$ cat my_file15.csv   # CSV, C-alpha atoms
chain,number,residue,atom,x,y,z
A,1,MET,CA,14.2,85.5,116.9
A,2,THR,CA,17.7,85.5,118.5
A,3,LYS,CA,19.1,83.8,115.4
A,4,TRP,CA,17.7,86.3,113.0
A,5,PHE,CA,18.8,89.2,115.2
A,6,LYS,CA,22.4,87.9,115.2
A,7,PHE,CA,22.2,87.4,111.4
A,8,GLY,CA,21.0,90.9,110.9
A,9,LEU,CA,23.7,92.3,113.2
A,10,VAL,CA,26.4,90.5,111.3
A,11,ALA,CA,25.0,91.8,108.0
A,12,VAL,CA,25.0,95.4,109.2
A,13,ILE,CA,28.6,95.1,110.5
A,14,ALA,CA,29.7,93.6,107.2
A,15,MET,CA,28.0,96.5,105.3
A,16,LEU,CA,29.7,99.0,107.5
A,17,ALA,CA,33.1,97.3,107.0
A,18,VAL,CA,32.7,97.4,103.3
A,19,SER,CA,31.7,101.0,103.3
A,20,CYS,CA,34.6,101.9,105.5
A,21,CYS,CA,37.1,100.1,103.3
A,22,THR,CA,35.9,101.7,100.0
A,23,PRO,CA,35.9,105.5,100.6
A,24,ASP,CA,35.4,107.8,97.7
A,25,SER,CA,38.8,108.3,96.0
A,26,LEU,CA,39.9,111.8,94.9
A,27,ILE,CA,39.3,110.8,91.3
A,28,ILE,CA,35.7,109.9,92.1
A,29,LYS,CA,35.2,113.2,94.0
A,30,THR,CA,36.7,115.1,91.0
A,31,LEU,CA,34.3,113.3,88.6
A,32,GLY,CA,31.5,114.4,90.9
A,33,ILE,CA,31.9,118.0,89.6
A,34,THR,CA,31.7,117.0,85.9
A,35,PRO,CA,28.2,117.7,84.5
A,36,ARG,CA,26.3,114.8,83.0
A,37,SER,CA,25.0,117.3,80.5
A,38,PHE,CA,28.4,117.3,78.8
A,39,VAL,CA,27.8,113.7,77.8
A,40,GLU,CA,24.2,114.3,76.7
A,41,GLY,CA,25.1,117.4,74.8
A,42,ASN,CA,27.9,115.8,72.9
A,43,ARG,CA,25.8,113.0,71.5
A,44,GLY,CA,25.5,113.4,67.7
A,45,LYS,CA,28.1,116.1,67.7
A,46,SER,CA,31.3,114.2,68.2
A,47,SER,CA,32.7,110.7,67.9
A,48,ILE,CA,34.1,110.6,71.4
A,49,LEU,CA,33.9,112.9,74.5
A,50,THR,CA,37.1,112.8,76.6
A,51,VAL,CA,37.4,113.7,80.3
A,52,PHE,CA,40.8,113.8,81.9
A,53,ALA,CA,40.9,113.3,85.7
A,54,PHE,CA,44.0,113.5,88.0
A,55,ASP,CA,44.7,112.6,91.6
A,56,VAL,CA,47.5,115.2,91.9
A,57,PRO,CA,48.9,114.3,95.4
A,58,ARG,CA,49.4,110.7,94.3
A,59,MET,CA,51.1,111.9,91.1
A,60,ARG,CA,53.4,114.1,93.1
A,61,GLU,CA,54.1,111.1,95.3
A,62,GLN,CA,54.9,108.7,92.4
A,63,LEU,CA,57.2,111.3,90.8
A,64,GLY,CA,59.0,112.1,94.0
A,65,ILE,CA,58.0,115.8,93.9
A,66,THR,CA,58.4,117.4,97.3
A,67,HIS,CA,58.6,120.9,98.7
A,68,GLN,CA,62.3,120.5,98.6
A,69,ASN,CA,62.1,119.5,94.9
A,70,PRO,CA,59.1,121.5,93.5
A,71,LYS,CA,58.1,121.6,89.9
A,72,GLY,CA,55.5,123.4,87.8
A,73,ALA,CA,52.0,121.8,87.4
A,74,GLU,CA,52.3,121.3,83.7
A,75,SER,CA,56.0,120.6,83.1
A,76,GLY,CA,56.5,118.7,86.4
A,77,LEU,CA,53.4,116.6,86.6
A,78,GLY,CA,52.2,116.2,83.0
A,79,ILE,CA,48.5,116.9,83.6
A,80,VAL,CA,46.3,117.8,80.6
A,81,THR,CA,44.9,121.3,80.8
A,82,THR,CA,42.5,123.2,78.6
A,83,LYS,CA,44.1,126.6,79.5
A,84,SER,CA,47.6,127.3,80.8
A,85,PHE,CA,47.7,128.5,84.4
A,86,PRO,CA,48.3,132.2,84.9
A,87,THR,CA,51.7,133.5,85.9
A,88,GLY,CA,52.5,135.0,89.3
A,89,ALA,CA,51.4,134.2,92.8
A,90,LEU,CA,48.7,131.4,92.6
A,91,PRO,CA,46.0,130.2,95.0
A,92,GLU,CA,46.2,126.7,96.3
A,93,SER,CA,43.8,125.4,93.7
A,94,LEU,CA,46.4,126.3,90.9
A,95,ASN,CA,49.5,125.7,92.9
A,96,SER,CA,51.2,122.4,91.8
A,97,MET,CA,52.4,121.7,95.3
A,98,LYS,CA,49.0,122.1,96.9
A,99,MET,CA,46.6,121.1,94.1
A,100,GLN,CA,44.3,118.2,94.9
A,101,GLY,CA,41.9,116.8,92.4
A,102,PHE,CA,42.1,118.3,88.9
A,103,LEU,CA,39.9,117.6,85.8
A,104,SER,CA,39.7,118.9,82.3
A,105,CYS,CA,37.2,118.4,79.4
A,106,PRO,CA,38.7,119.8,76.2
A,107,SER,CA,35.4,119.7,74.3
A,108,TYR,CA,34.0,122.3,76.6
A,109,SER,CA,37.2,124.2,77.4
A,110,MET,CA,36.5,123.3,81.0
A,111,GLN,CA,38.7,122.7,84.0
A,112,ALA,CA,37.7,121.7,87.5
A,113,PHE,CA,39.4,121.6,91.0
A,114,THR,CA,38.5,120.0,94.3
A,115,ASN,CA,40.7,122.4,96.3
A,116,THR,CA,39.3,126.0,96.0
A,117,ILE,CA,41.2,127.7,98.9
A,118,GLY,CA,42.2,131.2,97.9
A,119,LEU,CA,40.5,131.1,94.5
A,120,ASP,CA,37.8,133.6,95.4
A,121,GLN,CA,40.3,136.1,96.6
A,122,PHE,CA,42.5,135.5,93.6
A,123,LEU,CA,39.8,136.4,91.1
A,124,THR,CA,38.2,139.2,93.1
A,125,GLY,CA,39.1,142.6,91.6
A,126,LYS,CA,40.3,141.3,88.3
A,127,GLY,CA,37.4,142.6,86.2
A,128,PHE,CA,34.9,139.8,86.8
A,129,GLU,CA,31.2,140.3,87.5
A,130,LYS,CA,30.6,138.5,90.8
A,131,LYS,CA,27.4,137.1,92.2
A,132,THR,CA,26.3,134.5,94.7
A,133,ASP,CA,23.7,131.8,93.9
A,134,GLY,CA,23.0,129.8,97.1
A,135,ASN,CA,26.3,128.2,98.2
A,136,THR,CA,27.9,128.9,94.8
A,137,THR,CA,29.9,132.0,93.9
A,138,ILE,CA,30.0,132.9,90.2
A,139,PHE,CA,32.7,135.0,88.4
A,140,ALA,CA,31.9,136.0,84.9
A,141,SER,CA,34.4,138.0,82.8
A,142,ASN,CA,33.4,141.4,81.5
A,143,PRO,CA,33.7,141.2,77.7
A,144,ASN,CA,35.1,144.7,77.6
A,145,ASN,CA,37.9,143.8,80.1
A,146,LYS,CA,41.1,142.8,78.1
A,147,MET,CA,43.5,143.1,81.1
A,148,TYR,CA,43.4,139.5,82.3
A,149,SER,CA,43.0,137.4,79.1
A,150,GLU,CA,45.1,134.7,80.7
A,151,LEU,CA,42.3,134.0,83.2
A,152,PRO,CA,39.3,131.8,82.3
A,153,GLN,CA,36.2,133.7,81.2
A,154,PHE,CA,33.9,132.0,83.8
A,155,CYS,CA,34.4,130.4,87.2
A,156,ALA,CA,32.0,128.9,89.7
A,157,ILE,CA,33.1,128.0,93.2
A,158,GLY,CA,31.1,125.8,95.6
A,159,ASP,CA,31.4,123.4,98.4
A,160,LYS,CA,32.3,120.5,96.1
A,161,GLY,CA,35.0,122.4,94.2
A,162,ALA,CA,35.3,124.9,91.3
A,163,ILE,CA,34.5,124.8,87.6
A,164,GLN,CA,36.3,127.1,85.1
A,165,ILE,CA,35.3,127.6,81.5
A,166,ASP,CA,37.4,129.4,78.9
A,167,ARG,CA,34.8,130.3,76.3
A,168,GLY,CA,32.3,133.1,75.8
A,169,ASP,CA,29.2,130.9,76.4
A,170,MET,CA,28.2,132.3,79.8
A,171,GLU,CA,24.9,130.4,79.7
A,172,LEU,CA,26.8,127.2,79.6
A,173,GLY,CA,28.9,128.3,82.5
A,174,ILE,CA,25.9,129.2,84.6
A,175,SER,CA,24.2,125.9,83.7
A,176,VAL,CA,27.1,123.7,84.6
A,177,SER,CA,27.6,125.5,87.9
A,178,GLY,CA,24.4,123.8,88.9
A,179,VAL,CA,26.4,120.6,89.5
A,180,LEU,CA,28.1,122.4,92.4
A,181,SER,CA,24.9,123.3,94.1
A,182,GLY,CA,23.2,119.9,93.4
A,183,ASN,CA,20.7,121.2,90.9
A,184,GLU,CA,22.3,119.2,88.1
A,185,GLU,CA,23.5,115.6,87.9
A,186,SER,CA,27.2,114.8,87.5
A,187,VAL,CA,28.6,112.0,85.3
A,188,LEU,CA,28.6,109.8,88.4
A,189,SER,CA,24.9,109.5,88.0
A,190,TYR,CA,25.8,107.0,85.3
A,191,PRO,CA,26.5,103.8,87.3
A,192,PHE,CA,29.1,102.6,84.7
A,193,VAL,CA,31.2,105.7,85.2
A,194,LEU,CA,31.5,104.9,88.9
A,195,ASP,CA,32.3,101.3,88.1
A,196,MET,CA,35.0,102.4,85.7
A,197,ALA,CA,36.6,104.8,88.2
A,198,LYS,CA,36.8,102.0,90.8
A,199,SER,CA,38.4,99.7,88.2
A,200,LEU,CA,41.2,102.3,87.7
A,201,GLN,CA,41.5,103.4,91.3
A,202,ASP,CA,45.2,102.5,91.5
A,203,TYR,CA,46.0,104.9,88.6
A,204,PRO,CA,46.2,108.6,89.5
A,205,ALA,CA,46.1,109.9,85.9
A,206,ILE,CA,42.9,108.8,84.0
A,207,VAL,CA,41.1,109.6,80.8
A,208,PHE,CA,37.4,108.6,80.4
A,209,LEU,CA,36.0,108.2,76.9
A,210,PHE,CA,32.3,108.2,76.1
A,211,PRO,CA,32.0,106.7,72.6
A,212,PHE,CA,29.1,107.9,70.3
A,213,GLU,CA,29.8,107.0,66.7
A,214,SER,CA,31.3,104.3,64.6
A,215,TYR,CA,34.2,104.9,62.2
A,216,ILE,CA,31.9,104.7,59.1
A,217,MET,CA,29.6,107.4,60.5
A,218,ARG,CA,32.6,109.6,61.2
A,219,ILE,CA,34.3,109.2,57.8
A,220,ASN,CA,31.0,109.7,55.9
A,221,GLY,CA,30.6,113.0,57.7
A,222,GLY,CA,34.1,114.1,56.7
A,223,GLY,CA,35.1,114.2,60.4
A,224,ILE,CA,38.4,112.3,60.0
A,225,THR,CA,41.1,114.3,58.2
A,226,SER,CA,44.8,114.9,58.8
A,227,GLY,CA,47.4,117.2,57.3
A,228,LEU,CA,50.1,115.1,58.8
A,229,TYR,CA,49.6,111.9,56.7
A,230,ASP,CA,49.6,111.4,52.9
A,231,PRO,CA,46.0,111.9,51.7
A,232,GLY,CA,46.5,109.2,49.0
A,233,LYS,CA,47.6,106.6,51.5
A,234,GLN,CA,44.8,107.6,53.9
A,235,ALA,CA,42.2,107.1,51.1
A,236,ASP,CA,43.6,103.6,50.5
A,237,MET,CA,43.2,102.8,54.2
A,238,VAL,CA,39.5,104.0,54.3
A,239,GLU,CA,38.3,100.8,52.7
A,240,GLN,CA,39.8,98.5,55.3
A,241,PHE,CA,38.5,100.8,58.1
A,242,LYS,CA,34.9,100.6,56.7
A,243,PHE,CA,34.8,97.1,58.2
A,244,TRP,CA,35.4,98.6,61.6
A,245,GLY,CA,32.7,100.1,63.8
A,246,ARG,CA,32.2,100.4,67.6
A,247,PRO,CA,30.0,97.7,69.2
A,248,ARG,CA,26.8,99.2,70.5
A,249,GLU,CA,27.2,97.5,73.8
A,250,LEU,CA,30.5,99.3,74.6
A,251,GLU,CA,29.5,101.7,77.4
A,252,MET,CA,32.8,103.5,77.8
A,253,VAL,CA,36.6,103.2,77.9
A,254,GLY,CA,38.9,104.3,80.6
A,255,ILE,CA,42.7,104.6,80.4
A,256,GLY,CA,44.9,105.0,83.5
A,257,SER,CA,48.6,105.5,83.9
A,258,ARG,CA,50.9,105.4,87.0
A,259,ILE,CA,54.6,105.5,87.7
A,260,VAL,CA,56.1,102.3,89.2
A,261,ASN,CA,59.9,102.0,89.5
A,262,ASP,CA,60.3,104.9,87.1
A,263,THR,CA,58.2,103.1,84.4
A,264,GLU,CA,54.9,104.5,83.3
A,265,GLN,CA,52.3,101.7,83.3
A,266,VAL,CA,49.2,102.1,81.2
A,267,ARG,CA,45.9,100.3,81.6
A,268,PHE,CA,43.0,100.3,79.1
A,269,CYS,CA,39.6,99.2,80.4
A,270,PHE,CA,36.8,98.5,77.9
A,271,GLN,CA,33.4,98.2,79.7
A,272,TYR,CA,30.4,96.6,78.1
A,273,GLN,CA,26.8,96.3,79.1
A,274,THR,CA,26.9,92.5,79.5
A,275,GLU,CA,29.6,89.9,80.2
A,276,GLN,CA,28.7,88.1,77.0
A,277,ALA,CA,29.4,91.2,74.9
A,278,ALA,CA,32.8,91.6,76.6
A,279,GLN,CA,33.7,88.0,76.0
A,280,GLU,CA,32.6,88.1,72.4
A,281,ASP,CA,34.5,91.3,71.7
A,282,MET,CA,37.8,90.4,73.5
A,283,GLU,CA,39.2,88.4,70.5
A,284,THR,CA,38.4,91.3,68.1
A,285,LEU,CA,40.2,93.7,70.5
A,286,LYS,CA,43.3,91.4,70.6
A,287,THR,CA,43.5,91.6,66.8
A,288,ALA,CA,42.7,95.3,66.6
A,289,ILE,CA,45.3,96.5,69.1
A,290,ARG,CA,48.1,94.6,67.2
A,291,SER,CA,47.0,95.3,63.6
A,292,THR,CA,45.1,98.6,63.4
A,293,PRO,CA,47.2,101.4,61.8
A,294,SER,CA,47.3,105.0,62.8
A,295,LEU,CA,45.5,107.3,60.4
A,296,ILE,CA,48.1,109.9,61.0
A,297,THR,CA,51.3,108.0,60.4
A,298,GLY,CA,50.2,104.6,59.0
A,299,LYS,CA,52.2,102.9,61.8
A,300,LEU,CA,50.5,100.3,64.0
A,301,TRP,CA,48.5,102.2,66.5
A,302,LEU,CA,50.1,100.4,69.4
A,303,ASN,CA,53.6,101.4,68.1
A,304,ASN,CA,52.4,104.9,67.3
A,305,LEU,CA,51.6,105.5,70.9
A,306,ASN,CA,54.9,103.8,72.1
A,307,LEU,CA,53.1,101.0,74.0
A,308,THR,CA,54.6,97.6,74.6
A,309,ASP,CA,52.6,94.5,73.6
A,310,PRO,CA,49.8,94.3,76.1
A,311,LEU,CA,48.7,91.7,78.6
A,312,ILE,CA,45.0,91.1,78.0
A,313,SER,CA,42.5,89.9,80.6
A,314,ILE,CA,38.8,89.9,81.2
A,315,GLU,CA,36.8,90.4,84.4
A,316,GLY,CA,33.1,90.1,84.1
A,317,ARG,CA,32.0,92.8,81.6
A,318,ARG,CA,35.3,94.5,81.4
A,319,VAL,CA,38.3,93.8,79.1
A,320,PHE,CA,41.7,95.1,80.3
A,321,PHE,CA,44.9,95.8,78.4
A,322,ASN,CA,48.0,96.3,80.5
A,323,CYS,CA,51.2,97.7,78.9
A,324,ASP,CA,54.1,100.0,79.5
A,325,PHE,CA,54.7,103.4,77.8
A,326,GLU,CA,58.1,103.2,76.3
A,327,ALA,CA,58.7,106.9,75.4
A,328,ARG,CA,59.0,108.1,79.0
A,329,LYS,CA,62.6,108.6,80.2
A,330,PRO,CA,63.6,108.3,83.9
A,331,LYS,CA,62.6,111.4,86.0
A,332,ASP,CA,60.2,112.6,83.3
A,333,PRO,CA,56.6,113.7,84.3
A,334,PHE,CA,53.5,111.6,83.4
A,335,ILE,CA,53.6,111.7,79.6
A,336,PHE,CA,51.0,109.2,78.2
A,337,HIS,CA,48.0,111.4,78.8
A,338,LYS,CA,49.6,114.4,77.2
A,339,LEU,CA,50.3,112.2,74.1
A,340,PHE,CA,46.8,110.8,74.2
A,341,ALA,CA,45.3,114.3,74.3
A,342,MET,CA,47.1,115.1,71.1
A,343,THR,CA,45.8,111.9,69.5
A,344,ALA,CA,42.3,112.7,70.6
A,345,ASN,CA,42.4,116.1,69.0
A,346,LEU,CA,43.3,114.4,65.7
A,347,TYR,CA,40.5,111.7,66.1
A,348,ASP,CA,43.2,109.1,65.6
A,349,TRP,CA,41.5,106.6,67.9
A,350,GLY,CA,43.1,103.4,66.6
A,351,ILE,CA,41.7,100.4,68.5
A,352,LEU,CA,38.6,102.3,69.4
A,353,TRP,CA,37.6,102.0,65.7
A,354,LYS,CA,37.1,98.2,65.8
A,355,LYS,CA,34.8,95.6,64.3

$ encode --input "my_file15.csv" --output "structure tokens"
Amino acid sequence: MTKWFKFGLVAVIAMLAVSCCTPDSLIIKTLGITPRSFVEGNRGKSSILTVFAFDVPRMREQLGITHQNPKGAESGLGIVTTKSFPTGALPESLNSMKMQGFLSCPSYSMQAFTNTIGLDQFLTGKGFEKKTDGNTTIFASNPNNKMYSELPQFCAIGDKGAIQIDRGDMELGISVSGVLSGNEESVLSYPFVLDMAKSLQDYPAIVFLFPFESYIMRINGGGITSGLYDPGKQADMVEQFKFWGRPRELEMVGIGSRIVNDTEQVRFCFQYQTEQAAQEDMETLKTAIRSTPSLITGKLWLNNLNLTDPLISIEGRRVFFNCDFEARKPKDPFIFHKLFAMTANLYDWGILWKK
């Protein structure tokens, strides 16, 4: 009995030690206010759903932004926003020097914050219809009020953070506010999302990609077009791309960037349902990242995004690419995710369209 008691005591202590050493990161807390319904609702409607998440204090630290050297949230940090921040005096949640976790989902014109101090007072009296639903305060824009067009049309504020939506779909806004009150699941209810976030925990700027369609499905639906690239050349490329299609066992992709010694380091993480699938696909990924052309310019996708030749590794069911972003100059903000957001808008996914 004594032996088993000691064994159990050691096990409990070990579990507590592990839990104490792995606290929720700010990125994970920020993902916790992203509705899972975004992913479910986008199935069949889009090739890929993108969610950008930022640990803003760590970004400020890596860029050397201090109160003695303040910069604006967009120009100084390089975060991806779905709507520019309003001008004038801002609450802490929108102040680049006090902002904490920040998240944006362009498909739904949604932004989210973990720091909500001053946001309620900031929106009060600006033409919003205000109501309280449990622990959540909801601000909905009056359609007849044109005075504050720079503000989002909907904002929900709760204990976990705030969600803002800049579109006229108030039903969507009220629905997603449920994630703040615990009535709706967040994307963290997918175990692989939490796994991905932990894999990229050393990177304060992250984009999460939820893949839905293969290239052939997208091209047959007329969903890949570009006015920037010669249509004739693009048509010639279609045939070679028809051999490419996303593996069904690819759960999601995460891309993180960080600043180390004034260099922006980028890490791609491809996560599969099984270790065997990851191992089988790693060789194809090696070929794809070095040979797949951009549909927009015809340049190799790796070169089009100004990335160095990557170091490729595998850990269990995850395949990693580690490279540097060459276009960033010293003292610049984080740039890669801004560039990737533009690429995402053009559906120029490069290595994500792979055999």

$ residues_around --input "my_file15.csv" --residues "Ile163 (chain A)" --least-positions-apart "3" --cutoff "7 Å" --atoms "only C-alpha atoms" --output "JSON, numbers by chain"
{"A": [111, 112, 113, 155, 156, 157, 177]}

$ closest_residue --input "my_file15.csv" --among "A:Glu264, A:Asp120, A:Asp281, A:Asp24" --to "Ala205 (chain A)" --atoms "all atoms listed in the file"
A:Glu264

$ residues_around --input "my_file15.csv" --residues "Asn306 (chain A)" --least-positions-apart "2" --cutoff "6 Å" --atoms "all atoms listed in the file" --output "tab-separated table (two decimals) with C-alpha atoms, in the frame of the given file"
chain	number	residue	atom	x	y	z
A	303	ASN	CA	53.60	101.40	68.10
A	304	ASN	CA	52.40	104.90	67.30
A	325	PHE	CA	54.70	103.40	77.80
A	326	GLU	CA	58.10	103.20	76.30
A	327	ALA	CA	58.70	106.90	75.40

$ residues_around --input "my_file15.csv" --residues "Asp55 (chain A)" --least-positions-apart "3" --cutoff "10 Å" --atoms "only C-alpha atoms" --output "ChimeraX atom specification"
/A:25-30,58-60,79,99-103,201,203-206

$ closest_residue --input "my_file15.csv" --among "A:Ile33, A:Leu49, A:Leu209, A:Cys105" --to "Gly161 (chain A)" --atoms "only C-alpha atoms"
A:Ile33

$ closest_atom_pairs --input "my_file15.csv" --of "region 235-334 of chain A" --to "region 180-191 of chain A" --cutoff "12 Å" --atoms "only C-alpha atoms" --output "tab-separated table"
residue	atom	partner	partner_atom	distance
A:Glu251	CA	A:Tyr190	CA	10.2
A:Met252	CA	A:Tyr190	CA	10.8
A:Gln271	CA	A:Pro191	CA	11.7
A:Gln273	CA	A:Pro191	CA	11.1

$ atom_distance --input "my_file15.csv" --atom1 "CA of Pro106 (chain A)" --atom2 "CA of Pro211 (chain A)"
15.1 Å

$ atom_distance --input "my_file15.csv" --atom1 "CA of Thr66 (chain A)" --atom2 "CA of Met97 (chain A)"
7.6 Å

$ atom_distance --input "my_file15.csv" --atom1 "CA of Phe139 (chain A)" --atom2 "CA of Lys83 (chain A)"
16.7 Å

$ closest_residue --input "my_file15.csv" --among "A:Thr81, A:Ser75, A:Ser294, A:Thr284" --to "Phe334 (chain A)" --atoms "all atoms listed in the file"
A:Ser75

$ residues_around --input "my_file15.csv" --residues "region 85-87 of chain A" --least-positions-apart "4" --cutoff "12 Å" --atoms "all atoms listed in the file" --output "VMD selection string"
chain A and resid 72 to 75 79 to 81 91 93 to 96 111 122 to 123 148 to 152 164 166

$ residues_near_point --input "my_file15.csv" --point "(29.7, 88.2, 77.5)" --cutoff "12 Å" --atoms "only C-alpha atoms" --output "list in words"
Glu249, Leu250, Gln271, Tyr272, Gln273, Thr274, Glu275, Gln276, Ala277, Ala278, Gln279, Glu280, Asp281, Met282, Glu283, Ile314, Glu315, Gly316, Arg317, Arg318 and Val319 of chain A

$ closest_residue --input "my_file15.csv" --among "A:Met110, A:Val266, A:Ala53, A:Leu295" --to "Leu307 (chain A)" --atoms "only C-alpha atoms"
A:Val266
